[in-house]
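Participant: One structure follows; several queries about it will come next.
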Amino acid sequence: MTVNIDHFVADCVDAVASPGTERAIREGVARLVSDPQALMQAIGTPTRAGVKRIHVTDTLTIVNVVWAPRMTLMPHNHNMWAAIGVYGGREDNIFWRRLADDPLGRIEAAGAKSLGPKDAVPLGPEIVHSVTNPTAQLAGAIHVYGGDFFATDRSEWDPQSLEEKPYDIDKNMQYFEDANRMWESTS
Ligand SMILES: [Fe+2]
């Protein structure tokens with residue numbers, strides 16, 4: 001199988017403009033990660049953690065997310081639908097739910113899902129999750145979002161107090177760089 005990432009982007013753009021968007025995107029992501037080797041020939045084998053922009057508009061974001069070994073991202077929401085497909089390593093998700101009528105917006109753990117290569121899942125707009133790469137290697141995934149991932153207001157939760165606060169995109173992108181430095185200093 002040969003992967004053409006430009007075709008994948010074009011298919012996603014078409015899906016956003018058509019009925020049944022989320023299902024079409026999820027199926028497209030599932031096909032994309034069904035052959036991880038072919039995908040990595042198209043987008044490269046991960047060499048460092050980061051969030052690489054493949055396509056970003058007001059209605060659609062496609063990113064290649066690479067997690068450093070054993071990196072954990074705090075609970076956060078997206079406020080838009082998403083589809084995640086893993087092509088290397090593993091993404092362990094904890095899913096959270098809001099405590100009813102909590103003035104601090106706190107959350108409690110509600111479920112979990114571990115995603116490995118070839119796994120593709122949809123995430124609804126209300127989902128709150130935290131993500132860990134439990135492996136000793138870089139983990140890679142294609143994330144597709146139904147909006148501008150980098151410019152949409154949303155929330156993150158303090159991992160200790162589990163209190164809600166505004167999502168800080170710059171801090172979280174810096175976190176990937178910090179994870180690289182930590183990884184490079186220990187490997
Ligand atoms: Fe997320």
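Ordered as shown in the structure tokens, chains take letters A, B, and onward, while each chain numbers its residues from 1 and ligands are numbered from 1 in the order shown.
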Which chains and residue numbers are within 12 Å of ligand 1, counting only C-alpha atoms and all ligand atoms, if I want them as a VMD selection string?

Facilitator: chain A and resid 51 63 65 72 to 84 91 to 96 122 to 132 141 to 145 149 to 150 154 to 156 167 169 172

Participant: Keeping only C-alpha atoms, write those residues as a compact mmCIF listing (two decimals), in the first residue's frame.

Facilitator:
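Below is the file part-v2.txt, written as the result:
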```
# COMPACT_ATOMS: atom_id res chain seq x y z
CA VAL A 51 2.71 18.42 17.07
CA VAL A 63 -1.79 17.05 12.89
CA VAL A 65 1.31 14.05 17.12
CA THR A 72 1.63 12.38 29.95
CA LEU A 73 -0.57 15.27 28.86
CA MET A 74 -2.94 16.64 31.51
CA PRO A 75 -6.72 16.33 31.18
CA HIS A 76 -8.11 18.61 28.49
CA ASN A 77 -11.08 18.92 26.18
CA HIS A 78 -11.23 19.97 22.53
CA ASN A 79 -14.71 21.53 22.16
CA MET A 80 -14.90 19.97 18.69
CA TRP A 81 -15.18 16.45 17.32
CA ALA A 82 -11.97 14.54 16.74
CA ALA A 83 -10.67 11.30 15.30
CA ILE A 84 -7.43 9.72 16.49
CA GLU A 91 -1.72 6.26 23.60
CA ASP A 92 -3.28 5.35 26.94
CA ASN A 93 -6.36 7.52 27.44
CA ILE A 94 -8.12 8.26 30.70
CA PHE A 95 -11.57 9.70 30.04
CA TRP A 96 -12.97 12.10 32.61
CA PRO A 122 -13.77 9.04 17.30
CA LEU A 123 -13.94 11.53 20.18
CA GLY A 124 -17.06 13.62 20.70
CA PRO A 125 -16.86 17.37 21.29
CA GLU A 126 -17.55 17.04 25.03
CA ILE A 127 -14.80 14.49 25.68
CA VAL A 128 -12.25 15.25 28.42
CA HIS A 129 -9.18 13.04 28.31
CA SER A 130 -5.59 12.78 29.43
CA VAL A 131 -3.05 10.88 27.36
CA THR A 132 0.03 8.90 28.32
CA ALA A 141 -0.71 9.31 15.92
CA ILE A 142 -2.68 11.27 13.35
CA HIS A 143 -5.25 13.54 15.01
CA VAL A 144 -8.04 15.15 13.02
CA TYR A 145 -10.22 17.86 14.60
CA PHE A 149 -7.16 23.07 17.11
CA PHE A 150 -4.72 25.91 17.79
CA ARG A 154 -11.18 25.16 25.57
CA SER A 155 -10.18 23.87 28.99
CA GLU A 156 -7.47 21.93 30.71
CA TYR A 167 -6.28 25.71 27.91
CA ILE A 169 -1.80 26.16 23.79
CA ASN A 172 1.28 22.68 25.98
```

Participant: What are the DSSP strand (DSSP E) residues of segment 3-179 of chain A, as number ranges by chain?

Facilitator: A: 50-56, 61-67, 72-77, 82-88, 91-98, 107-115, 120-123, 128-132, 139-145, 155-157, 164-166

Participant: Which residue gives the smallest distance to Val56 of chain A among A:Met173, A:Asp178, A:Asp168, A:Val13, with only C-alpha atoms counted?

Facilitator: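 When distances to Val56 of chain A are compared using only C-alpha atoms, the smallest one comes from A:Val13.
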
Participant: I'd like the contact shell of Gln137 of chain A - 12 Å cut-off, only C-alpha atoms, skipping same-chain residues fewer than 3 positions apart - returned as an MDAnalysis selection string.

Facilitator: chainID A and resid 45:49 66:71 88:91 133:134 140 180 183 187

Participant: Can you write just those residues out, N, CA and C atoms, as a PDB file, in the first residue's frame?

Facilitator:
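Result file is out_14.pdb:
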```pdb
ATOM      1  N   THR A  45       9.394   8.615   9.761  1.00  0.00           N
ATOM      2  CA  THR A  45       9.403   7.908  11.038  1.00  0.00           C
ATOM      3  C   THR A  45       9.651   8.914  12.144  1.00  0.00           C
ATOM      4  N   PRO A  46       8.898   8.848  13.245  1.00  0.00           N
ATOM      5  CA  PRO A  46       9.090   9.843  14.314  1.00  0.00           C
ATOM      6  C   PRO A  46      10.520   9.860  14.851  1.00  0.00           C
ATOM      7  N   THR A  47      11.045  11.062  15.029  1.00  0.00           N
ATOM      8  CA  THR A  47      12.390  11.209  15.593  1.00  0.00           C
ATOM      9  C   THR A  47      12.379  12.048  16.865  1.00  0.00           C
ATOM     10  N   ARG A  48      11.363  12.849  17.078  1.00  0.00           N
ATOM     11  CA  ARG A  48      11.262  13.650  18.295  1.00  0.00           C
ATOM     12  C   ARG A  48       9.795  14.013  18.547  1.00  0.00           C
ATOM     13  N   ALA A  49       9.487  14.333  19.812  1.00  0.00           N
ATOM     14  CA  ALA A  49       8.117  14.671  20.172  1.00  0.00           C
ATOM     15  C   ALA A  49       7.705  16.008  19.561  1.00  0.00           C
ATOM     16  N   VAL A  66       3.468  13.363  17.941  1.00  0.00           N
ATOM     17  CA  VAL A  66       4.472  12.399  18.395  1.00  0.00           C
ATOM     18  C   VAL A  66       4.738  12.639  19.875  1.00  0.00           C
ATOM     19  N   TRP A  67       4.542  11.585  20.668  1.00  0.00           N
ATOM     20  CA  TRP A  67       4.708  11.661  22.118  1.00  0.00           C
ATOM     21  C   TRP A  67       6.074  11.137  22.504  1.00  0.00           C
ATOM     22  N   ALA A  68       6.726  11.830  23.420  1.00  0.00           N
ATOM     23  CA  ALA A  68       7.984  11.323  23.975  1.00  0.00           C
ATOM     24  C   ALA A  68       7.682  10.096  24.838  1.00  0.00           C
ATOM     25  N   PRO A  69       8.701   9.235  25.041  1.00  0.00           N
ATOM     26  CA  PRO A  69       8.485   8.076  25.898  1.00  0.00           C
ATOM     27  C   PRO A  69       7.965   8.488  27.271  1.00  0.00           C
ATOM     28  N   ARG A  70       6.911   7.830  27.686  1.00  0.00           N
ATOM     29  CA  ARG A  70       6.304   7.978  29.014  1.00  0.00           C
ATOM     30  C   ARG A  70       5.787   9.391  29.296  1.00  0.00           C
ATOM     31  N   MET A  71       5.549  10.137  28.260  1.00  0.00           N
ATOM     32  CA  MET A  71       5.011  11.494  28.394  1.00  0.00           C
ATOM     33  C   MET A  71       3.512  11.430  28.714  1.00  0.00           C
ATOM     34  N   GLY A  88       2.114   4.223  15.833  1.00  0.00           N
ATOM     35  CA  GLY A  88       3.319   3.710  16.494  1.00  0.00           C
ATOM     36  C   GLY A  88       3.246   3.939  17.982  1.00  0.00           C
ATOM     37  N   GLY A  89       3.837   3.046  18.759  1.00  0.00           N
ATOM     38  CA  GLY A  89       3.796   3.195  20.214  1.00  0.00           C
ATOM     39  C   GLY A  89       2.397   2.985  20.740  1.00  0.00           C
ATOM     40  N   ARG A  90       1.999   3.806  21.706  1.00  0.00           N
ATOM     41  CA  ARG A  90       0.687   3.607  22.325  1.00  0.00           C
ATOM     42  C   ARG A  90       0.217   4.916  22.960  1.00  0.00           C
ATOM     43  N   GLU A  91      -1.077   5.153  22.882  1.00  0.00           N
ATOM     44  CA  GLU A  91      -1.724   6.256  23.597  1.00  0.00           C
ATOM     45  C   GLU A  91      -2.685   5.653  24.613  1.00  0.00           C
ATOM     46  N   ASN A 133       1.847   8.203  26.896  1.00  0.00           N
ATOM     47  CA  ASN A 133       2.577   7.202  26.125  1.00  0.00           C
ATOM     48  C   ASN A 133       3.300   6.324  27.142  1.00  0.00           C
ATOM     49  N   PRO A 134       2.828   5.101  27.374  1.00  0.00           N
ATOM     50  CA  PRO A 134       3.415   4.271  28.424  1.00  0.00           C
ATOM     51  C   PRO A 134       4.678   3.551  27.972  1.00  0.00           C
ATOM     52  N   GLY A 140       3.356   7.640  17.871  1.00  0.00           N
ATOM     53  CA  GLY A 140       2.889   8.525  16.807  1.00  0.00           C
ATOM     54  C   GLY A 140       1.420   8.308  16.503  1.00  0.00           C
ATOM     55  N   ASN A 180      11.105  16.504  24.987  1.00  0.00           N
ATOM     56  CA  ASN A 180      12.263  16.128  24.172  1.00  0.00           C
ATOM     57  C   ASN A 180      13.558  16.293  24.936  1.00  0.00           C
ATOM     58  N   TRP A 183      13.891  13.649  27.558  1.00  0.00           N
ATOM     59  CA  TRP A 183      14.164  12.349  26.928  1.00  0.00           C
ATOM     60  C   TRP A 183      15.623  12.299  26.452  1.00  0.00           C
ATOM     61  N   SER A 187      18.633   9.562  27.609  1.00  0.00           N
ATOM     62  CA  SER A 187      18.842   8.450  26.665  1.00  0.00           C
ATOM     63  C   SER A 187      20.226   8.526  26.053  1.00  0.00           C
TER      64      SER A 187
END
```

Participant: What is the atom CA of Ala30 of chain A-atom CA of Asp148 of chain A distance in Å, reported with one decimal?

Facilitator: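 That distance, rounded to one decimal, is 21.5 Å.
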
Participant: Using only C-alpha atoms, which residue out of A:Glu27, A:Glu163, A:Ile5, A:Thr135 lies closest to Leu99 of chain A?

Facilitator: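 Counting only C-alpha atoms, the residue closest to Leu99 of chain A is A:Glu163.
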
Participant: Within 7 Å of Ala38 of chain A, counting only C-alpha atoms, which residues qualify if same-chain residues fewer than 5 places away don't, as a list in words?

Facilitator: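 Once the adjacent positions are removed, what remains is Met1, Thr2 and Val3 of chain A.
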
Participant: Would you kindly return, as a list in words, each protein, DNA or RNA residue with an atom no farther than 8 Å from any atom of Thr59 of chain A, considering only C-alpha atoms and excluding same-chain residues fewer than 3 positions away?

Facilitator: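 The neighbour list is Val16, Gly146, Gly147 and Asp148 of chain A.
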
Participant: Go through A:Ala151, A:Leu162, A:Ala139, A:Leu39 and flag the residue nearest Phe8 of chain A, using only C-alpha atoms for the distances.

Facilitator: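 Using only C-alpha atoms, Phe8 of chain A sits closest to A:Leu39.
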
Participant: Go through A:Arg106, A:Arg97, A:Lys118, A:Lys52 one by one, measure the shortest atom-to-atom distance of each to Phe176 of chain A using only C-alpha atoms, and give the residue with the smallest value.

Facilitator: A:Lys52

Participant: Between atom CA of Val33 of chain A and atom CA of Thr57 of chain A, what is the spacing in Å?

Facilitator: 22.5 Å

Participant: In Å to one decimal, how far is atom CA of Asp119 of chain A from atom CA of Tyr87 of chain A?

Facilitator: 7.8 Å
